[in-house]
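Novice: File run.pdb below, PDB, C-alpha atoms:
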```pdb
MODEL        1
ATOM      1  CA  MET J   1      87.276  99.265  87.551
ATOM      2  CA  LYS J   2      87.242 100.052  91.251
ATOM      3  CA  TYR J   3      89.731 102.664  92.436
ATOM      4  CA  GLY J   4      90.678 104.165  95.786
ATOM      5  CA  VAL J   5      93.293 106.519  97.237
ATOM      6  CA  VAL J   6      95.379 105.780 100.328
ATOM      7  CA  LEU J   7      98.359 106.917 102.365
ATOM      8  CA  PHE J   8     100.862 104.207 103.230
ATOM      9  CA  PRO J   9     102.480 104.993 106.586
ATOM     10  CA  SER J  10     106.197 104.267 107.213
ATOM     11  CA  LYS J  11     107.487 100.692 107.047
ATOM     12  CA  LYS J  12     107.757 100.765 110.841
ATOM     13  CA  LEU J  13     104.090 101.611 111.323
ATOM     14  CA  GLN J  14     103.025  99.141 108.620
ATOM     15  CA  ASP J  15     104.997  96.394 110.383
ATOM     16  CA  THR J  16     103.314  97.261 113.693
ATOM     17  CA  ALA J  17      99.860  97.235 112.089
ATOM     18  CA  ASN J  18     100.605  93.928 110.338
ATOM     19  CA  SER J  19     101.584  92.284 113.630
ATOM     20  CA  TYR J  20      97.908  92.741 114.640
ATOM     21  CA  ARG J  21      96.348  92.343 111.184
ATOM     22  CA  LYS J  22      97.930  88.925 110.759
ATOM     23  CA  ARG J  23      95.718  87.656 113.546
ATOM     24  CA  TYR J  24      92.645  89.881 113.374
ATOM     25  CA  ASP J  25      92.217  91.219 109.838
ATOM     26  CA  ALA J  26      90.656  88.932 107.230
ATOM     27  CA  ARG J  27      91.804  91.406 104.535
ATOM     28  CA  TYR J  28      95.434  91.247 105.686
ATOM     29  CA  ALA J  29      96.679  89.745 102.413
ATOM     30  CA  LEU J  30      94.749  92.059 100.086
ATOM     31  CA  ILE J  31      96.408  95.431 100.762
ATOM     32  CA  PRO J  32      99.261  96.787 102.923
ATOM     33  CA  PRO J  33      98.330  98.782 106.053
ATOM     34  CA  HIS J  34      96.952 102.142 104.920
ATOM     35  CA  ILE J  35      94.906 105.247 105.688
ATOM     36  CA  THR J  36      92.082 105.631 103.158
ATOM     37  CA  VAL J  37      91.815 109.230 101.945
ATOM     38  CA  LYS J  38      89.352 108.702  99.091
ATOM     39  CA  GLU J  39      86.584 106.153  99.268
ATOM     40  CA  GLN J  40      86.289 103.478  96.581
ATOM     41  CA  PHE J  41      84.920 104.757  93.312
ATOM     42  CA  GLU J  42      84.043 103.037  90.069
ATOM     43  CA  THR J  43      85.267 104.315  86.715
ATOM     44  CA  SER J  44      86.853 103.167  83.465
ATOM     45  CA  ASN J  45      90.589 103.325  82.900
ATOM     46  CA  GLU J  46      89.974 105.899  80.151
ATOM     47  CA  GLU J  47      87.950 108.173  82.418
ATOM     48  CA  LEU J  48      90.466 107.708  85.207
ATOM     49  CA  GLU J  49      93.214 109.029  82.946
ATOM     50  CA  THR J  50      91.268 112.278  82.566
ATOM     51  CA  LEU J  51      91.347 112.644  86.375
ATOM     52  CA  ILE J  52      95.130 112.202  86.698
ATOM     53  CA  PRO J  53      95.891 115.923  86.210
ATOM     54  CA  THR J  54      93.481 116.678  89.070
ATOM     55  CA  PHE J  55      95.322 114.254  91.371
ATOM     56  CA  ARG J  56      98.635 115.835  90.309
ATOM     57  CA  ASP J  57      97.324 119.344  91.037
ATOM     58  CA  ILE J  58      96.173 118.292  94.507
ATOM     59  CA  ALA J  59      99.568 116.739  95.280
ATOM     60  CA  HIS J  60     101.367 119.805  93.962
ATOM     61  CA  LYS J  61      99.199 122.188  95.955
ATOM     62  CA  LEU J  62      99.537 120.403  99.328
ATOM     63  CA  LYS J  63     102.479 119.838 101.655
ATOM     64  CA  PRO J  64     103.518 116.562 103.332
ATOM     65  CA  ILE J  65     101.098 115.565 106.089
ATOM     66  CA  THR J  66     101.962 114.948 109.724
ATOM     67  CA  ILE J  67      99.959 112.102 111.205
ATOM     68  CA  ASN J  68      99.531 111.267 114.878
ATOM     69  CA  VAL J  69      98.500 107.777 115.886
ATOM     70  CA  THR J  70      97.176 107.983 119.424
ATOM     71  CA  LYS J  71      95.390 104.769 120.383
ATOM     72  CA  VAL J  72      93.535 101.665 119.335
ATOM     73  CA  SER J  73      89.837 102.330 118.771
ATOM     74  CA  SER J  74      86.769 100.548 117.379
ATOM     75  CA  PHE J  75      83.795 101.389 115.140
ATOM     76  CA  SER J  76      81.592  99.245 117.372
ATOM     77  CA  PRO J  77      78.574  99.191 117.572
ATOM     78  CA  ALA J  78      78.421 100.305 113.884
ATOM     79  CA  ASN J  79      80.697  97.390 113.012
ATOM     80  CA  ASN J  80      83.406  95.265 114.607
ATOM     81  CA  THR J  81      86.374  96.972 112.958
ATOM     82  CA  VAL J  82      89.308  97.717 115.267
ATOM     83  CA  TYR J  83      91.810 100.350 114.152
ATOM     84  CA  LEU J  84      94.740 102.571 114.978
ATOM     85  CA  LYS J  85      93.194 105.982 115.457
ATOM     86  CA  VAL J  86      94.809 108.709 113.347
ATOM     87  CA  GLU J  87      94.036 112.183 114.699
ATOM     88  CA  LYS J  88      91.915 114.148 112.240
ATOM     89  CA  ASN J  89      94.013 117.257 111.714
ATOM     90  CA  ASP J  90      93.555 120.100 109.226
ATOM     91  CA  GLU J  91      96.037 118.609 106.742
ATOM     92  CA  LEU J  92      94.132 115.301 106.523
ATOM     93  CA  LYS J  93      90.796 117.117 106.342
ATOM     94  CA  THR J  94      92.049 119.325 103.511
ATOM     95  CA  LEU J  95      93.403 116.349 101.550
ATOM     96  CA  TYR J  96      90.139 114.445 102.010
ATOM     97  CA  GLU J  97      88.094 117.439 100.879
ATOM     98  CA  HIS J  98      90.225 117.992  97.789
ATOM     99  CA  LEU J  99      89.898 114.306  96.898
ATOM    100  CA  HIS J 100      86.097 114.482  97.123
ATOM    101  CA  SER J 101      85.307 117.705  95.266
ATOM    102  CA  GLY J 102      85.249 119.069  91.717
ATOM    103  CA  PRO J 103      85.781 116.258  89.185
ATOM    104  CA  LEU J 104      86.494 113.921  92.135
ATOM    105  CA  ALA J 105      83.139 114.527  93.882
ATOM    106  CA  GLN J 106      81.381 111.381  95.068
ATOM    107  CA  GLU J 107      78.715 110.447  97.549
ATOM    108  CA  VAL J 108      80.066 109.124 100.826
ATOM    109  CA  GLU J 109      78.069 107.257 103.420
ATOM    110  CA  TYR J 110      79.978 108.212 106.562
ATOM    111  CA  SER J 111      81.808 111.224 107.918
ATOM    112  CA  TYR J 112      85.566 110.889 107.564
ATOM    113  CA  ILE J 113      87.410 109.154 110.403
ATOM    114  CA  PRO J 114      91.088 108.661 109.475
ATOM    115  CA  HIS J 115      92.293 105.249 110.653
ATOM    116  CA  ILE J 116      94.498 102.232 109.980
ATOM    117  CA  THR J 117      92.424  99.066 110.209
ATOM    118  CA  ILE J 118      94.037  96.281 112.251
ATOM    119  CA  GLY J 119      91.024  93.980 112.747
ATOM    120  CA  GLN J 120      87.763  93.405 110.881
ATOM    121  CA  ASN J 121      85.080  90.797 110.218
ATOM    122  CA  LEU J 122      85.358  89.768 113.860
ATOM    123  CA  SER J 123      82.491  88.052 115.630
ATOM    124  CA  ASP J 124      81.028  89.971 118.593
ATOM    125  CA  ASP J 125      82.901  87.709 121.009
ATOM    126  CA  GLU J 126      86.197  88.047 119.142
ATOM    127  CA  HIS J 127      85.757  91.791 118.937
ATOM    128  CA  LEU J 128      85.098  92.095 122.661
ATOM    129  CA  ASP J 129      88.145  89.977 123.385
ATOM    130  CA  VAL J 130      90.523  91.681 120.924
ATOM    131  CA  TYR J 131      89.393  95.224 121.585
ATOM    132  CA  SER J 132      89.458  94.925 125.371
ATOM    133  CA  GLN J 133      93.115  93.864 125.087
ATOM    134  CA  LEU J 134      94.253  96.259 122.385
ATOM    135  CA  LYS J 135      92.656  99.396 123.776
ATOM    136  CA  LEU J 136      95.150  99.160 126.637
ATOM    137  CA  VAL J 137      98.135  99.220 124.245
ATOM    138  CA  ASP J 138     100.126 102.416 124.562
ATOM    139  CA  ILE J 139     100.603 103.860 121.080
ATOM    140  CA  ASN J 140     101.897 107.330 120.508
ATOM    141  CA  HIS J 141     103.445 107.799 117.163
ATOM    142  CA  GLU J 142     104.005 110.774 114.895
ATOM    143  CA  GLU J 143     105.337 110.754 111.360
ATOM    144  CA  VAL J 144     105.253 112.694 108.123
ATOM    145  CA  ILE J 145     103.726 111.231 104.961
ATOM    146  CA  ASP J 146     104.920 112.834 101.744
ATOM    147  CA  ARG J 147     102.834 111.091  99.058
ATOM    148  CA  PHE J 148      99.532 109.403  98.287
ATOM    149  CA  HIS J 149      98.770 106.421  96.077
ATOM    150  CA  LEU J 150      95.953 105.716  93.635
ATOM    151  CA  LEU J 151      95.072 102.000  93.584
ATOM    152  CA  TYR J 152      92.756  99.682  91.648
ATOM    153  CA  GLN J 153      91.184  96.452  92.740
ATOM    154  CA  LEU J 154      91.774  93.072  91.108
ATOM    155  CA  ASP J 155      89.112  90.373  90.803
ATOM    156  CA  ASN J 156      90.466  88.549  93.867
ATOM    157  CA  GLY J 157      89.839  91.636  96.024
ATOM    158  CA  SER J 158      93.507  92.683  96.280
ATOM    159  CA  TRP J 159      94.739  96.168  95.350
ATOM    160  CA  THR J 160      97.520  97.178  92.953
ATOM    161  CA  VAL J 161      99.060 100.663  92.883
ATOM    162  CA  TYR J 162      98.295 102.629  89.713
ATOM    163  CA  GLU J 163     100.216 105.789  90.483
ATOM    164  CA  THR J 164     102.010 107.666  93.232
ATOM    165  CA  PHE J 165     101.703 111.412  93.800
ATOM    166  CA  ARG J 166     104.234 113.272  95.938
ATOM    167  CA  PHE J 167     103.075 116.317  97.862
ATOM    168  CA  GLY J 168     104.698 119.528  96.702
ATOM    169  CA  HIS J 169     105.881 118.025  93.402
ATOM    170  CA  GLU J 170     104.674 119.084  89.971
TER     171      GLU J 170
ATOM    172  CA  MET D   1     115.379  98.187 103.667
ATOM    173  CA  LYS D   2     114.900  95.821 100.753
ATOM    174  CA  TYR D   3     113.756  97.405  97.490
ATOM    175  CA  GLY D   4     112.875  96.130  94.029
ATOM    176  CA  VAL D   5     111.450  97.463  90.760
ATOM    177  CA  VAL D   6     108.606  95.840  88.851
ATOM    178  CA  LEU D   7     106.151  96.315  86.018
ATOM    179  CA  PHE D   8     102.538  95.570  86.864
ATOM    180  CA  PRO D   9     100.738  94.272  83.762
ATOM    181  CA  SER D  10      97.115  95.229  83.027
ATOM    182  CA  LYS D  11      94.347  94.248  85.439
ATOM    183  CA  LYS D  12      93.243  91.621  82.894
ATOM    184  CA  LEU D  13      96.645  89.923  82.834
ATOM    185  CA  GLN D  14      97.010  90.212  86.624
ATOM    186  CA  ASP D  15      93.599  88.539  87.060
ATOM    187  CA  THR D  16      94.647  85.713  84.712
ATOM    188  CA  ALA D  17      97.948  85.226  86.558
ATOM    189  CA  ASN D  18      96.157  85.261  89.927
ATOM    190  CA  SER D  19      93.759  82.522  88.808
ATOM    191  CA  TYR D  20      96.852  80.259  88.696
ATOM    192  CA  ARG D  21      98.805  81.844  91.561
ATOM    193  CA  LYS D  22      95.921  81.271  93.960
ATOM    194  CA  ARG D  23      96.536  77.537  93.646
ATOM    195  CA  TYR D  24     100.239  77.283  92.844
ATOM    196  CA  ASP D  25     102.082  80.312  94.220
ATOM    197  CA  ALA D  26     102.931  80.370  97.918
ATOM    198  CA  ARG D  27     103.785  84.094  97.554
ATOM    199  CA  TYR D  28     100.359  84.909  96.082
ATOM    200  CA  ALA D  29      99.360  87.166  98.980
ATOM    201  CA  LEU D  30     102.650  89.083  99.208
ATOM    202  CA  ILE D  31     102.693  91.013  95.921
ATOM    203  CA  PRO D  32     100.414  91.445  92.889
ATOM    204  CA  PRO D  33     101.415  89.665  89.640
ATOM    205  CA  HIS D  34     104.443  91.466  88.233
ATOM    206  CA  ILE D  35     107.476  91.425  85.942
ATOM    207  CA  THR D  36     110.647  92.108  87.939
ATOM    208  CA  VAL D  37     112.881  94.598  86.123
ATOM    209  CA  LYS D  38     115.388  95.266  88.902
ATOM    210  CA  GLU D  39     116.461  92.569  91.328
ATOM    211  CA  GLN D  40     116.078  93.110  95.067
ATOM    212  CA  PHE D  41     118.627  95.473  96.531
ATOM    213  CA  GLU D  42     119.326  96.601 100.067
ATOM    214  CA  THR D  43     119.702 100.266 100.989
ATOM    215  CA  SER D  44     118.584 102.843 103.533
ATOM    216  CA  ASN D  45     115.642 105.126 102.892
ATOM    217  CA  GLU D  46     118.033 108.097 102.892
ATOM    218  CA  GLU D  47     120.298 106.552 100.249
ATOM    219  CA  LEU D  48     117.295 105.496  98.219
ATOM    220  CA  GLU D  49     116.132 109.111  98.048
ATOM    221  CA  THR D  50     119.427 110.029  96.355
ATOM    222  CA  LEU D  51     118.613 107.449  93.644
ATOM    223  CA  ILE D  52     115.131 108.797  92.875
ATOM    224  CA  PRO D  53     116.398 111.323  90.265
ATOM    225  CA  THR D  54     118.106 108.421  88.458
ATOM    226  CA  PHE D  55     114.841 106.457  88.341
ATOM    227  CA  ARG D  56     113.075 109.583  87.066
ATOM    228  CA  ASP D  57     115.666 110.103  84.342
ATOM    229  CA  ILE D  58     115.312 106.503  83.187
ATOM    230  CA  ALA D  59     111.517 106.825  83.021
ATOM    231  CA  HIS D  60     111.783 110.124  81.183
ATOM    232  CA  LYS D  61     114.290 108.764  78.672
ATOM    233  CA  LEU D  62     112.341 105.605  77.749
ATOM    234  CA  LYS D  63     109.029 105.042  75.981
ATOM    235  CA  PRO D  64     106.173 102.728  77.080
ATOM    236  CA  ILE D  65     107.086  99.070  76.644
ATOM    237  CA  THR D  66     105.193  96.515  74.576
ATOM    238  CA  ILE D  67     105.173  93.099  76.197
ATOM    239  CA  ASN D  68     104.262  89.801  74.575
ATOM    240  CA  VAL D  69     103.220  86.878  76.727
ATOM    241  CA  THR D  70     103.586  83.758  74.626
ATOM    242  CA  LYS D  71     103.342  80.645  76.790
ATOM    243  CA  VAL D  72     103.678  79.024  80.177
ATOM    244  CA  SER D  73     107.245  77.994  80.913
ATOM    245  CA  SER D  74     109.327  76.695  83.836
ATOM    246  CA  PHE D  75     112.778  77.312  85.334
ATOM    247  CA  SER D  76     113.086  73.576  86.016
ATOM    248  CA  PRO D  77     115.575  71.945  86.602
ATOM    249  CA  ALA D  78     117.113  75.117  88.197
ATOM    250  CA  ASN D  79     113.997  75.446  90.362
ATOM    251  CA  ASN D  80     110.312  74.557  90.258
ATOM    252  CA  THR D  81     109.017  78.002  89.364
ATOM    253  CA  VAL D  82     106.339  78.088  86.662
ATOM    254  CA  TYR D  83     105.739  81.371  84.856
ATOM    255  CA  LEU D  84     104.121  83.240  82.006
ATOM    256  CA  LYS D  85     106.943  83.793  79.558
ATOM    257  CA  VAL D  86     107.387  87.425  78.529
ATOM    258  CA  GLU D  87     109.393  87.733  75.298
ATOM    259  CA  LYS D  88     112.697  89.462  75.924
ATOM    260  CA  ASN D  89     112.557  92.360  73.483
ATOM    261  CA  ASP D  90     114.882  95.333  73.102
ATOM    262  CA  GLU D  91     112.660  97.627  75.186
ATOM    263  CA  LEU D  92     112.748  95.284  78.192
ATOM    264  CA  LYS D  93     116.483  94.691  77.765
ATOM    265  CA  THR D  94     117.151  98.433  77.662
ATOM    266  CA  LEU D  95     115.055  99.073  80.757
ATOM    267  CA  TYR D  96     116.783  96.255  82.654
ATOM    268  CA  GLU D  97     120.221  97.546  81.651
ATOM    269  CA  HIS D  98     119.411 101.104  82.714
ATOM    270  CA  LEU D  99     118.133  99.831  86.061
ATOM    271  CA  HIS D 100     121.386  97.917  86.683
ATOM    272  CA  SER D 101     124.023 100.454  85.686
ATOM    273  CA  GLY D 102     125.572 103.686  86.969
ATOM    274  CA  PRO D 103     124.381 104.449  90.507
ATOM    275  CA  LEU D 104     121.957 101.505  90.170
ATOM    276  CA  ALA D 105     124.653  98.896  89.399
ATOM    277  CA  GLN D 106     124.358  95.673  91.384
ATOM    278  CA  GLU D 107     125.579  92.113  91.089
ATOM    279  CA  VAL D 108     123.031  89.722  89.665
ATOM    280  CA  GLU D 109     123.185  85.969  89.861
ATOM    281  CA  TYR D 110     121.312  85.051  86.702
ATOM    282  CA  SER D 111     120.874  86.367  83.189
ATOM    283  CA  TYR D 112     117.620  88.275  82.783
ATOM    284  CA  ILE D 113     114.556  86.252  81.813
ATOM    285  CA  PRO D 114     111.442  88.458  81.907
ATOM    286  CA  HIS D 115     108.515  86.521  83.383
ATOM    287  CA  ILE D 116     105.360  86.617  85.505
ATOM    288  CA  THR D 117     105.563  83.925  88.176
ATOM    289  CA  ILE D 118     102.379  81.863  88.529
ATOM    290  CA  GLY D 119     103.707  78.942  90.603
ATOM    291  CA  GLN D 120     106.645  78.462  92.990
ATOM    292  CA  ASN D 121     107.815  76.411  95.964
ATOM    293  CA  LEU D 122     106.214  73.392  94.320
ATOM    294  CA  SER D 123     107.400  69.875  95.114
ATOM    295  CA  ASP D 124     108.835  67.940  92.154
ATOM    296  CA  ASP D 125     105.601  65.975  91.841
ATOM    297  CA  GLU D 126     103.410  69.075  92.023
ATOM    298  CA  HIS D 127     105.645  70.837  89.507
ATOM    299  CA  LEU D 128     105.451  67.941  87.061
ATOM    300  CA  ASP D 129     101.691  67.836  87.438
ATOM    301  CA  VAL D 130     101.082  71.605  87.197
ATOM    302  CA  TYR D 131     103.577  72.296  84.426
ATOM    303  CA  SER D 132     102.477  69.405  82.233
ATOM    304  CA  GLN D 133      98.933  70.847  82.340
ATOM    305  CA  LEU D 134      99.764  74.538  82.034
ATOM    306  CA  LYS D 135     102.294  74.272  79.221
ATOM    307  CA  LEU D 136      99.377  73.255  76.995
ATOM    308  CA  VAL D 137      97.448  76.454  77.762
ATOM    309  CA  ASP D 138      97.220  78.713  74.737
ATOM    310  CA  ILE D 139      98.330  82.189  75.795
ATOM    311  CA  ASN D 140      99.039  84.907  73.312
ATOM    312  CA  HIS D 141      98.752  88.330  74.727
ATOM    313  CA  GLU D 142     100.253  91.698  73.857
ATOM    314  CA  GLU D 143      99.942  94.906  75.820
ATOM    315  CA  VAL D 144     101.715  98.181  76.483
ATOM    316  CA  ILE D 145     103.057  99.069  79.926
ATOM    317  CA  ASP D 146     103.596 102.770  80.510
ATOM    318  CA  ARG D 147     105.163 102.891  83.997
ATOM    319  CA  PHE D 148     107.323 101.064  86.504
ATOM    320  CA  HIS D 149     107.069 100.878  90.280
ATOM    321  CA  LEU D 150     109.685 100.994  93.023
ATOM    322  CA  LEU D 151     108.660  98.807  95.995
ATOM    323  CA  TYR D 152     109.969  98.008  99.467
ATOM    324  CA  GLN D 153     109.487  94.877 101.515
ATOM    325  CA  LEU D 154     107.760  94.739 104.897
ATOM    326  CA  ASP D 155     108.806  92.382 107.709
ATOM    327  CA  ASN D 156     106.074  89.896 106.765
ATOM    328  CA  GLY D 157     107.552  89.515 103.272
ATOM    329  CA  SER D 158     104.897  91.576 101.482
ATOM    330  CA  TRP D 159     105.740  94.541  99.225
ATOM    331  CA  THR D 160     104.431  98.120  99.351
ATOM    332  CA  VAL D 161     104.819 100.592  96.473
ATOM    333  CA  TYR D 162     107.167 103.487  97.224
ATOM    334  CA  GLU D 163     106.873 105.372  93.968
ATOM    335  CA  THR D 164     105.601 105.130  90.416
ATOM    336  CA  PHE D 165     107.513 106.367  87.371
ATOM    337  CA  ARG D 166     105.759 106.909  84.032
ATOM    338  CA  PHE D 167     107.744 106.413  80.857
ATOM    339  CA  GLY D 168     108.197 109.577  78.834
ATOM    340  CA  HIS D 169     107.277 111.831  81.758
ATOM    341  CA  GLU D 170     109.625 114.270  83.458
TER     342      GLU D 170
ENDMDL
END
```
So that I can check it, write out the structure of this file as structure tokens.
Specialist:
Amino acid sequence: MKYGVVLFPSKKLQDTANSYRKRYDARYALIPPHITVKEQFETSNEELETLIPTFRDIAHKLKPITINVTKVSSFSPANNTVYLKVEKNDELKTLYEHLHSGPLAQEVEYSYIPHITIGQNLSDDEHLDVYSQLKLVDINHEEVIDRFHLLYQLDNGSWTVYETFRFGHE
Amino acid sequence: MKYGVVLFPSKKLQDTANSYRKRYDARYALIPPHITVKEQFETSNEELETLIPTFRDIAHKLKPITINVTKVSSFSPANNTVYLKVEKNDELKTLYEHLHSGPLAQEVEYSYIPHITIGQNLSDDEHLDVYSQLKLVDINHEEVIDRFHLLYQLDNGSWTVYETFRFGHE
């Protein structure tokens, strides 16, 4: 099965992201707005269960994370994904590192850029149009996220939550 | 905010349900296939936090639940919802009662019929057509569910998981 780990921002921020995703994100219906903190990885349910204590330890060890959303940005020219930029602070970096080391080590293709996707699979023309509008939007939002979620993917591409881990909890 | 509590069945059963939902369930994109175990309720995030220990106690007190899916059924003539019937056993009844008493008490309109919706908002003709086909499908599936999930609803009608509670865990 395919698994991944995400932060869900507040309802308010998810609603804001969805107001864009509805129009610009082909994966809108497959997962709520999120910040990926561990890239997709493939494992069996049995093996996953052996990793649960590691996820619990990480949650227990770390404190809730403050995130700052500062602007709309784009991965262009790498690809036409438009996103809410989440500042890469030490707390996010530490979480990401913990979730990619020891028994959770995995190869990753890109360096980590925390973000909330609001548009993807756009044609070049659409991207130019959408991004030139959205990059002018004034976004300045700070909030605290106190948990992360481990998800698995269904055959239709959508994601279901397997388990929630609260920071600072045993 | 609007909250609810559900069981997510195994990936296998979710994939089966989705193969029908894709065609017959207008709410397909809003939530993964699930068994509702606490009806929607309205509360603030602050008040919800005061209920979390109650959810934890319930999870701790109860054991994983065996569910048996036995056939496709319909709520017609009450409404045109078609569902996978989940046998109402003592474990499900106990969970439902715990999730509707004490600080979690709430008025409910109907008696509890555990089910996984696979079709809804069908016209009478569609319902007749779909149900007459699906009620012939031979489904006989048993599995154990070891956790429940507390969810909240976003403005677009979709649901995000707030927290997971494992049965038998503190």
Novice: I'd like the interatomic distance between atom CA of J:Lys61 and atom CA of J:Lys12, to a tenth of an Å.
Specialist: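 Separation of atom CA of J:Lys61 and atom CA of J:Lys12: 27.5 Å.
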Novice: For the contact check between chain J and chain D, emit one row per residue of chain J within 9 Å, containing the shortest atom pair and the distance in Å rounded to one decimal, counting only C-alpha atoms, chain then rising number order, as JSON lines.
Specialist:
```
{"residue": "J:Met1", "atom": "CA", "partner": "D:Lys11", "partner_atom": "CA", "distance": 8.9}
{"residue": "J:Phe8", "atom": "CA", "partner": "D:Thr160", "partner_atom": "CA", "distance": 8.1}
{"residue": "J:Lys11", "atom": "CA", "partner": "D:Leu154", "partner_atom": "CA", "distance": 6.3}
{"residue": "J:Lys12", "atom": "CA", "partner": "D:Leu154", "partner_atom": "CA", "distance": 8.5}
{"residue": "J:Gln14", "atom": "CA", "partner": "D:Leu154", "partner_atom": "CA", "distance": 7.5}
{"residue": "J:Asp15", "atom": "CA", "partner": "D:Asp155", "partner_atom": "CA", "distance": 6.1}
{"residue": "J:Asn18", "atom": "CA", "partner": "D:Asn156", "partner_atom": "CA", "distance": 7.7}
{"residue": "J:Ser19", "atom": "CA", "partner": "D:Asn156", "partner_atom": "CA", "distance": 8.5}
{"residue": "J:Tyr28", "atom": "CA", "partner": "D:Ala29", "partner_atom": "CA", "distance": 8.8}
{"residue": "J:Ala29", "atom": "CA", "partner": "D:Ala29", "partner_atom": "CA", "distance": 5.1}
{"residue": "J:Leu30", "atom": "CA", "partner": "D:Ala29", "partner_atom": "CA", "distance": 6.8}
{"residue": "J:Ile31", "atom": "CA", "partner": "D:Thr160", "partner_atom": "CA", "distance": 8.6}
{"residue": "J:Pro32", "atom": "CA", "partner": "D:Thr160", "partner_atom": "CA", "distance": 6.4}
{"residue": "J:Arg147", "atom": "CA", "partner": "D:Glu163", "partner_atom": "CA", "distance": 8.7}
{"residue": "J:His149", "atom": "CA", "partner": "D:Val161", "partner_atom": "CA", "distance": 8.4}
{"residue": "J:Tyr152", "atom": "CA", "partner": "D:Lys11", "partner_atom": "CA", "distance": 8.4}
{"residue": "J:Gln153", "atom": "CA", "partner": "D:Lys11", "partner_atom": "CA", "distance": 8.3}
{"residue": "J:Leu154", "atom": "CA", "partner": "D:Lys11", "partner_atom": "CA", "distance": 6.3}
{"residue": "J:Asp155", "atom": "CA", "partner": "D:Asp15", "partner_atom": "CA", "distance": 6.1}
{"residue": "J:Asn156", "atom": "CA", "partner": "D:Asp15", "partner_atom": "CA", "distance": 7.5}
{"residue": "J:Ser158", "atom": "CA", "partner": "D:Pro32", "partner_atom": "CA", "distance": 7.8}
{"residue": "J:Trp159", "atom": "CA", "partner": "D:Pro32", "partner_atom": "CA", "distance": 7.8}
{"residue": "J:Thr160", "atom": "CA", "partner": "D:Pro32", "partner_atom": "CA", "distance": 6.4}
{"residue": "J:Val161", "atom": "CA", "partner": "D:Val161", "partner_atom": "CA", "distance": 6.8}
{"residue": "J:Tyr162", "atom": "CA", "partner": "D:Thr164", "partner_atom": "CA", "distance": 7.8}
{"residue": "J:Glu163", "atom": "CA", "partner": "D:Thr164", "partner_atom": "CA", "distance": 5.4}
{"residue": "J:Thr164", "atom": "CA", "partner": "D:Thr164", "partner_atom": "CA", "distance": 5.2}
{"residue": "J:Phe165", "atom": "CA", "partner": "D:Glu163", "partner_atom": "CA", "distance": 8.0}
{"residue": "J:Arg166", "atom": "CA", "partner": "D:Glu163", "partner_atom": "CA", "distance": 8.6}
```
Novice: Restricting the calculation to all atoms listed in the file, which member of J:Gln133, J:Ser76, J:Ser101, J:Thr36 is positioned closest to J:Leu51?
Specialist: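 Nearest to J:Leu51: J:Ser101.
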Novice: What's the 9 Å shell around J:Tyr131, counting only C-alpha atoms, without same-chain residues fewer than 5 positions away, as a PyMOL selection string?
Specialist: chain J and resi 72-74+82+126+136
Novice: Next, the residues of the selection above should be written as an mmCIF file, keeping the file's coordinate frame with C-alpha atoms.
Specialist:
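That gives us again.cif:
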```cif
data_model
loop_
_atom_site.group_PDB
_atom_site.id
_atom_site.type_symbol
_atom_site.label_atom_id
_atom_site.label_comp_id
_atom_site.auth_asym_id
_atom_site.auth_seq_id
_atom_site.Cartn_x
_atom_site.Cartn_y
_atom_site.Cartn_z
ATOM 1 C CA VAL J 72 93.535 101.665 119.335
ATOM 2 C CA SER J 73 89.837 102.330 118.771
ATOM 3 C CA SER J 74 86.769 100.548 117.379
ATOM 4 C CA VAL J 82 89.308 97.717 115.267
ATOM 5 C CA GLU J 126 86.197 88.047 119.142
ATOM 6 C CA LEU J 136 95.150 99.160 126.637
#
```
Novice: I want to know what sits within 12 Å of D:Thr94, based on all atoms listed in the file, with residues of the same chain fewer than 4 positions away left out; could you give that as a tab-separated table (two decimals) with C-alpha atoms, in the coordinates of the input?
Specialist:
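Result file around35.tsv:
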```
chain	number	residue	atom	x	y	z
D	37	VAL	CA	112.88	94.60	86.12
D	38	LYS	CA	115.39	95.27	88.90
D	58	ILE	CA	115.31	106.50	83.19
D	59	ALA	CA	111.52	106.82	83.02
D	61	LYS	CA	114.29	108.76	78.67
D	62	LEU	CA	112.34	105.60	77.75
D	63	LYS	CA	109.03	105.04	75.98
D	64	PRO	CA	106.17	102.73	77.08
D	65	ILE	CA	107.09	99.07	76.64
D	88	LYS	CA	112.70	89.46	75.92
D	89	ASN	CA	112.56	92.36	73.48
D	90	ASP	CA	114.88	95.33	73.10
D	98	HIS	CA	119.41	101.10	82.71
D	99	LEU	CA	118.13	99.83	86.06
D	100	HIS	CA	121.39	97.92	86.68
D	101	SER	CA	124.02	100.45	85.69
D	112	TYR	CA	117.62	88.28	82.78
```
Novice: For a test of reading the model, state the distance in Å between atom CA of D:Ile67 and atom CA of D:Tyr110, rounded to one decimal.
Specialist: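 Going from atom CA of D:Ile67 over to atom CA of D:Tyr110, I get 20.9 Å.
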Novice: If the PyMOL selection byres ((chain D and resi 141) around 12) is run on the structure shown, which residues does it catch, given as a PyMOL selection string?
Specialist: chain D and resi 9-10+12-13+16+66-72+84-87+138-140+142-144
Novice: Determine, counting all atoms listed in the file, which protein, DNA and RNA residues have an atom within 10 Å of an atom of J:Thr43; residues of the same chain fewer than 6 positions away are not included. Present the result as number ranges by chain.
Specialist: J: 1-3, 49
Novice: Could those selected residues go to a file with C-alpha atoms, as a CSV table (one decimal), in the coordinates of the input?
Specialist:
```
chain,number,residue,atom,x,y,z
J,1,MET,CA,87.3,99.3,87.6
J,2,LYS,CA,87.2,100.1,91.3
J,3,TYR,CA,89.7,102.7,92.4
J,49,GLU,CA,93.2,109.0,82.9
```
Novice: Could you tell me how far atom CA of D:His60 sits from atom CA of D:Pro103, in Å to one decimal place?
Specialist: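 Interatomic distance here is 16.7 Å.
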